[in-house]
Amino acid sequence: MSKRKVMLVFGVRPEAIKMAPLVLALAQHDAMEPCVVVTAQHRALLDHVLHTFGIHPAHDLDVMQQQQTLEDISVRVLERLAPVMRAERPDIVLVHGDTLTTFLASYVAFLQCIRVGHVEAGLRTWDKHAPYPEEMNRQLTGVLADVHFAPTKWAQDNLLREQKDADSIFVTGNTITDVPALLAQRSAAHAIGAWCANRRVVLVTAHRRESHGDAHRRVFRAIRRLVERIPDVVVVYPVHPSPAVRDVAEEELSGHERIRLIDPLGLVEMYDMYRLAYLILTDSGGVQEEAPSFGVPVLVLRDTTERPEGVAAGTLRLVGTDEERVFSEAWTLLTDARAYRAMASVANPFGDGRASARIVEALEYTFGMRMQRPEPFVPGRKECGV
Ligand code: UDP
């Protein structure tokens, strides 16, 4: 009997990182096969991840252009994806998260009467404009999806509030918690590692569109003040290539001997940094979910998060972008060992390293290959492989 074809469509770095464990799991399956399609919304960062995991897409739509608008990307994805899906006729299309690719691939699949599975379903801020355009991308995808892989119970509850059919929702954990085990034996020996030796490393990542400009400037000023006040602290900031981020970062943070602005890190290098980091300041979603696997506290540089499980569990604290607030929250964690330990010693609330295994089981159930639904992810158990 021929294998069920599972098409996975994604276009940017974090989607690729989170879909990679699932692609690898499906490639091992006896009765299902993956068919990877990349839109390459962001070229270089995506390619790096594909290379890291040895994934070779069946189709590369290569939509990225210089100074592309969201509408430009949308038109190109629709034009190029439709014939690919029509030719491949997959049994199901899996999309991830909340990018334009996510929504547009779901829409094309819907138009062609192909089932849609949404990985990392049910995250919500309920604010149409924040994060922009991601909140609408994921809500619209939720409307189109037939199967929802909710990472946590909170995400499942959001979907139930929207009247999604309970049988169509599987609580799987987040696939990003599967990645540390896949990369456990790898190390990249980046020069920054030696530079960090014997000092407390504050790792910074900040790229969100709604923080471009003044909000980033306030955060960067707080970070510079911290470094000036605490002599054993160094800051490593892999700066996102967007000029809107890079220019402000260079204006506020360059020229200090204990601050390094570096190019984006490869994933293996990034995981090395997690192992070195003492504290993380970020507005990235993926980083909020990964850092607890390494026991590193995270201050979230946003006013809202669609990952409240981390705040409730105590691994994340929402600090916004006010300079004084960012400074004082980071100061507390760098000077108060008890406050630090309370945040650093929590099991990852986002997953236990078995998310892609559960999604594969849920697909088996959906295709009628198994009779029982997979057991849902329940937080609190120690992750495997970290
Ligand atoms: N990441 C990386 N190199 C970097 C910065 C981040 O590999 O220099 C990884 C990080 O480990 C995480 C993902 O990129 O897995 C997060 O992506 P990003 O912050 O771009 O997007 P978001 O998660 O906010 O959608």
# chains A, B, ... in the order shown; residues from 1 in each chain; ligands from 1
call {"tool": "residues_near_ligand", "arguments": {"ligand": "ligand 1", "cutoff": "9 Å", "atoms": "only C-alpha atoms and all ligand atoms", "output": "CSV table (one decimal) with N, CA, C and O atoms, in the first residue's frame"}}
result
chain,number,residue,atom,x,y,z
A,12,VAL,N,10.1,30.4,7.3
A,12,VAL,CA,11.0,31.2,8.0
A,12,VAL,C,11.7,30.4,9.1
A,12,VAL,O,11.3,29.2,9.3
A,13,ARG,N,12.8,30.9,9.6
A,13,ARG,CA,13.7,30.1,10.5
A,13,ARG,C,12.9,29.4,11.7
A,13,ARG,O,13.1,28.2,11.8
A,14,PRO,N,12.1,30.2,12.5
A,14,PRO,CA,11.5,29.4,13.6
A,14,PRO,C,10.6,28.3,13.2
A,14,PRO,O,10.5,27.3,13.9
A,15,GLU,N,9.9,28.5,12.1
A,15,GLU,CA,9.0,27.4,11.6
A,15,GLU,C,9.8,26.2,11.3
A,15,GLU,O,9.5,25.1,11.5
A,16,ALA,N,11.0,26.5,10.6
A,16,ALA,CA,11.8,25.4,10.1
A,16,ALA,C,12.3,24.6,11.3
A,16,ALA,O,12.4,23.4,11.4
A,17,ILE,N,12.8,25.4,12.4
A,17,ILE,CA,13.3,24.7,13.6
A,17,ILE,C,12.2,23.8,14.2
A,17,ILE,O,12.5,22.7,14.6
A,18,LYS,N,11.0,24.3,14.3
A,18,LYS,CA,10.0,23.6,15.0
A,18,LYS,C,9.3,22.5,14.1
A,18,LYS,O,8.7,21.6,14.6
A,45,LEU,N,18.4,32.6,6.7
A,45,LEU,CA,18.2,32.0,8.0
A,45,LEU,C,17.5,30.7,7.9
A,45,LEU,O,17.8,29.7,8.6
A,48,HIS,N,20.0,27.9,6.6
A,48,HIS,CA,20.9,27.4,7.7
A,48,HIS,C,20.2,26.3,8.5
A,48,HIS,O,20.9,25.3,8.8
A,49,VAL,N,19.0,26.5,8.8
A,49,VAL,CA,18.3,25.4,9.6
A,49,VAL,C,18.1,24.2,8.8
A,49,VAL,O,18.3,23.0,9.3
A,97,GLY,N,2.3,27.5,13.2
A,97,GLY,CA,2.4,28.8,13.8
A,97,GLY,C,1.6,29.9,13.2
A,97,GLY,O,0.4,29.8,13.0
A,98,ASP,N,2.3,31.0,12.8
A,98,ASP,CA,1.6,32.2,12.5
A,98,ASP,C,2.2,33.1,11.5
A,98,ASP,O,2.0,34.3,11.6
A,99,THR,N,2.9,32.6,10.5
A,99,THR,CA,3.4,33.4,9.5
A,99,THR,C,2.5,33.6,8.3
A,99,THR,O,1.4,32.9,8.2
A,176,ILE,N,9.5,22.4,19.6
A,176,ILE,CA,10.8,23.0,19.9
A,176,ILE,C,11.5,22.3,21.1
A,176,ILE,O,12.7,22.2,21.1
A,179,VAL,N,13.9,19.5,20.1
A,179,VAL,CA,15.2,19.9,19.4
A,179,VAL,C,16.4,19.7,20.2
A,179,VAL,O,17.4,19.1,19.7
A,204,VAL,N,20.9,38.3,24.5
A,204,VAL,CA,19.7,39.2,24.1
A,204,VAL,C,19.3,38.8,22.7
A,204,VAL,O,20.2,38.5,21.8
A,205,THR,N,18.0,38.6,22.4
A,205,THR,CA,17.5,38.6,21.0
A,205,THR,C,16.3,39.5,21.0
A,205,THR,O,15.5,39.5,21.9
A,206,ALA,N,16.2,40.3,20.0
A,206,ALA,CA,15.1,41.3,19.9
A,206,ALA,C,14.8,41.6,18.4
A,206,ALA,O,15.7,42.1,17.8
A,207,HIS,N,13.6,41.3,18.0
A,207,HIS,CA,13.4,41.6,16.5
A,207,HIS,C,12.0,42.0,16.2
A,207,HIS,O,11.7,42.3,15.1
A,208,ARG,N,11.1,41.9,17.2
A,208,ARG,CA,9.6,42.1,16.8
A,208,ARG,C,9.3,43.4,16.2
A,208,ARG,O,9.8,44.4,16.6
A,237,TYR,N,24.6,39.6,21.8
A,237,TYR,CA,23.4,39.9,21.1
A,237,TYR,C,23.5,39.5,19.6
A,237,TYR,O,24.2,40.3,18.8
A,238,PRO,N,23.0,38.4,19.2
A,238,PRO,CA,23.0,38.0,17.8
A,238,PRO,C,21.9,38.9,17.1
A,238,PRO,O,20.7,38.7,17.4
A,239,VAL,N,22.3,39.9,16.3
A,239,VAL,CA,21.4,40.9,15.9
A,239,VAL,C,20.6,40.4,14.6
A,239,VAL,O,21.3,39.9,13.7
A,240,HIS,N,19.3,40.5,14.6
A,240,HIS,CA,18.5,40.1,13.5
A,240,HIS,C,18.9,41.0,12.3
A,240,HIS,O,19.2,42.1,12.4
A,262,ILE,N,26.7,40.5,17.4
A,262,ILE,CA,27.2,39.5,16.4
A,262,ILE,C,26.2,39.2,15.4
A,262,ILE,O,25.0,39.5,15.6
A,263,ASP,N,26.6,38.5,14.3
A,263,ASP,CA,25.6,38.1,13.3
A,263,ASP,C,24.7,37.0,13.9
A,263,ASP,O,25.1,36.4,14.9
A,264,PRO,N,23.6,36.8,13.3
A,264,PRO,CA,22.7,35.7,13.8
A,264,PRO,C,23.5,34.4,13.9
A,264,PRO,O,24.4,34.1,13.0
A,265,LEU,N,23.2,33.6,14.9
A,265,LEU,CA,23.9,32.4,15.1
A,265,LEU,C,23.2,31.2,14.4
A,265,LEU,O,22.0,31.3,14.3
A,266,GLY,N,24.0,30.3,14.0
A,266,GLY,CA,23.4,29.0,13.6
A,266,GLY,C,22.8,28.3,14.8
A,266,GLY,O,23.1,28.7,15.9
A,267,LEU,N,21.9,27.4,14.6
A,267,LEU,CA,21.1,26.8,15.7
A,267,LEU,C,22.0,26.1,16.7
A,267,LEU,O,21.9,26.2,17.9
A,268,VAL,N,23.0,25.4,16.1
A,268,VAL,CA,23.9,24.6,17.0
A,268,VAL,C,24.7,25.6,17.9
A,268,VAL,O,24.9,25.5,19.1
A,269,GLU,N,25.1,26.8,17.3
A,269,GLU,CA,25.8,27.8,18.0
A,269,GLU,C,24.9,28.4,19.1
A,269,GLU,O,25.3,28.7,20.2
A,270,MET,N,23.6,28.6,18.7
A,270,MET,CA,22.6,29.2,19.6
A,270,MET,C,22.5,28.3,20.8
A,270,MET,O,22.4,28.7,22.0
A,271,TYR,N,22.4,27.0,20.6
A,271,TYR,CA,22.3,26.0,21.7
A,271,TYR,C,23.5,26.0,22.6
A,271,TYR,O,23.4,25.9,23.8
A,274,TYR,N,22.9,29.0,24.8
A,274,TYR,CA,22.0,28.7,25.9
A,274,TYR,C,22.7,28.0,27.1
A,274,TYR,O,22.4,28.3,28.2
A,282,THR,N,14.6,38.7,25.8
A,282,THR,CA,14.1,38.4,24.4
A,282,THR,C,12.7,38.9,24.2
A,282,THR,O,11.9,39.0,25.1
A,283,ASP,N,12.4,39.1,22.9
A,283,ASP,CA,11.0,39.3,22.5
A,283,ASP,C,10.7,38.1,21.5
A,283,ASP,O,9.6,38.1,20.9
A,284,SER,N,11.5,37.1,21.4
A,284,SER,CA,11.3,36.0,20.5
A,284,SER,C,10.4,35.0,21.1
A,284,SER,O,10.6,34.6,22.3
A,285,GLY,N,9.5,34.4,20.4
A,285,GLY,CA,8.6,33.4,20.9
A,285,GLY,C,9.4,32.1,21.1
A,285,GLY,O,9.3,31.5,22.2
A,286,GLY,N,10.1,31.7,20.1
A,286,GLY,CA,10.8,30.4,20.2
A,286,GLY,C,11.8,30.4,21.4
A,286,GLY,O,11.9,29.4,22.1
A,287,VAL,N,12.5,31.5,21.6
A,287,VAL,CA,13.5,31.6,22.7
A,287,VAL,C,12.7,31.4,24.1
A,287,VAL,O,13.3,30.7,25.0
A,288,GLN,N,11.5,32.0,24.2
A,288,GLN,CA,10.8,31.8,25.4
A,288,GLN,C,10.5,30.3,25.7
A,288,GLN,O,10.5,29.9,26.9
A,289,GLU,N,10.3,29.6,24.6
A,289,GLU,CA,10.0,28.1,24.8
A,289,GLU,C,11.2,27.3,25.0
A,289,GLU,O,11.1,26.2,25.6
A,290,GLU,N,12.3,27.7,24.4
A,290,GLU,CA,13.5,26.9,24.5
A,290,GLU,C,14.3,27.0,25.8
A,290,GLU,O,14.8,26.1,26.3
A,291,ALA,N,14.4,28.3,26.2
A,291,ALA,CA,15.3,28.6,27.3
A,291,ALA,C,15.0,27.7,28.6
A,291,ALA,O,16.0,27.3,29.3
call {"tool": "residues_around", "arguments": {"residues": "range 214-216 of chain A", "least_positions_apart": "6", "cutoff": "9 Å", "atoms": "only C-alpha atoms", "output": "list in words"}}
result
Ala206, His207, Val245, Val248, Ala249, Leu301, Gly320, Thr321, Asp322 and Glu323 of chain A
call {"tool": "closest_atom_pairs", "arguments": {"of": "range 137-239 of chain A", "to": "range 127-131 of chain A", "cutoff": "10 Å", "atoms": "only C-alpha atoms", "output": "Markdown table"}}
result
| residue | atom | partner | partner_atom | distance |
| --- | --- | --- | --- | --- |
| A:Asn137 | CA | A:Lys128 | CA | 9.7 |
| A:Gln139 | CA | A:Lys128 | CA | 9.3 |
| A:Arg208 | CA | A:Pro131 | CA | 8.0 |
| A:Arg209 | CA | A:Pro131 | CA | 8.0 |
| A:Glu210 | CA | A:Pro131 | CA | 7.0 |
| A:Ser211 | CA | A:Pro131 | CA | 9.9 |
call {"tool": "write_last_selection", "arguments": {"atoms": "all heavy atoms", "output": "compact mmCIF listing (two decimals), in the first residue's frame"}}
result
# COMPACT_ATOMS: atom_id res chain seq x y z
N ASN A 137 -2.77 35.92 11.32
CA ASN A 137 -2.36 34.71 10.57
C ASN A 137 -2.79 33.45 11.31
O ASN A 137 -3.30 32.50 10.73
CB ASN A 137 -0.84 34.68 10.38
CG ASN A 137 -0.36 35.72 9.38
OD1 ASN A 137 -1.12 36.17 8.54
ND2 ASN A 137 0.91 36.09 9.48
N GLN A 139 -5.13 33.12 13.77
CA GLN A 139 -6.57 32.97 13.93
C GLN A 139 -7.20 32.48 12.62
O GLN A 139 -8.07 31.61 12.63
CB GLN A 139 -7.20 34.30 14.34
CG GLN A 139 -6.91 34.67 15.79
CD GLN A 139 -7.89 35.71 16.35
OE1 GLN A 139 -9.03 35.80 15.91
NE2 GLN A 139 -7.45 36.49 17.31
N ARG A 208 11.07 41.93 17.17
CA ARG A 208 9.65 42.05 16.81
C ARG A 208 9.34 43.38 16.15
O ARG A 208 9.78 44.43 16.60
CB ARG A 208 8.76 41.90 18.04
CG ARG A 208 8.81 40.55 18.68
CD ARG A 208 7.47 40.13 19.19
NE ARG A 208 6.70 39.58 18.12
CZ ARG A 208 6.81 38.32 17.69
NH1 ARG A 208 7.64 37.50 18.25
NH2 ARG A 208 6.08 37.89 16.71
N ARG A 209 8.53 43.28 15.12
CA ARG A 209 8.15 44.43 14.31
C ARG A 209 7.54 45.54 15.17
O ARG A 209 7.84 46.72 15.00
CB ARG A 209 7.10 43.95 13.31
CG ARG A 209 6.98 44.69 12.04
CD ARG A 209 5.96 43.96 11.17
NE ARG A 209 6.59 42.94 10.35
CZ ARG A 209 6.99 43.15 9.09
NH1 ARG A 209 6.80 44.31 8.52
NH2 ARG A 209 7.56 42.19 8.40
N GLU A 210 6.68 45.18 16.13
CA GLU A 210 5.99 46.22 16.90
C GLU A 210 6.92 46.94 17.88
O GLU A 210 6.55 47.95 18.48
CB GLU A 210 4.73 45.69 17.61
CG GLU A 210 4.96 44.66 18.70
CD GLU A 210 4.92 43.22 18.18
OE1 GLU A 210 5.08 43.01 16.95
OE2 GLU A 210 4.76 42.31 19.01
N SER A 211 8.15 46.43 18.07
CA SER A 211 9.12 47.10 18.95
C SER A 211 10.19 47.87 18.19
O SER A 211 11.06 48.49 18.81
CB SER A 211 9.81 46.07 19.86
OG SER A 211 8.89 45.46 20.68
call {"tool": "select_by_dssp", "arguments": {"residues": "range 223-278 of chain A", "states": "strand (DSSP E)", "output": "list of chain:residue names"}}
result
A:Val233, A:Val234, A:Val235, A:Val236, A:Tyr237, A:Pro238, A:Ile259, A:Arg260, A:Leu261, A:Ile262, A:Ala277, A:Tyr278
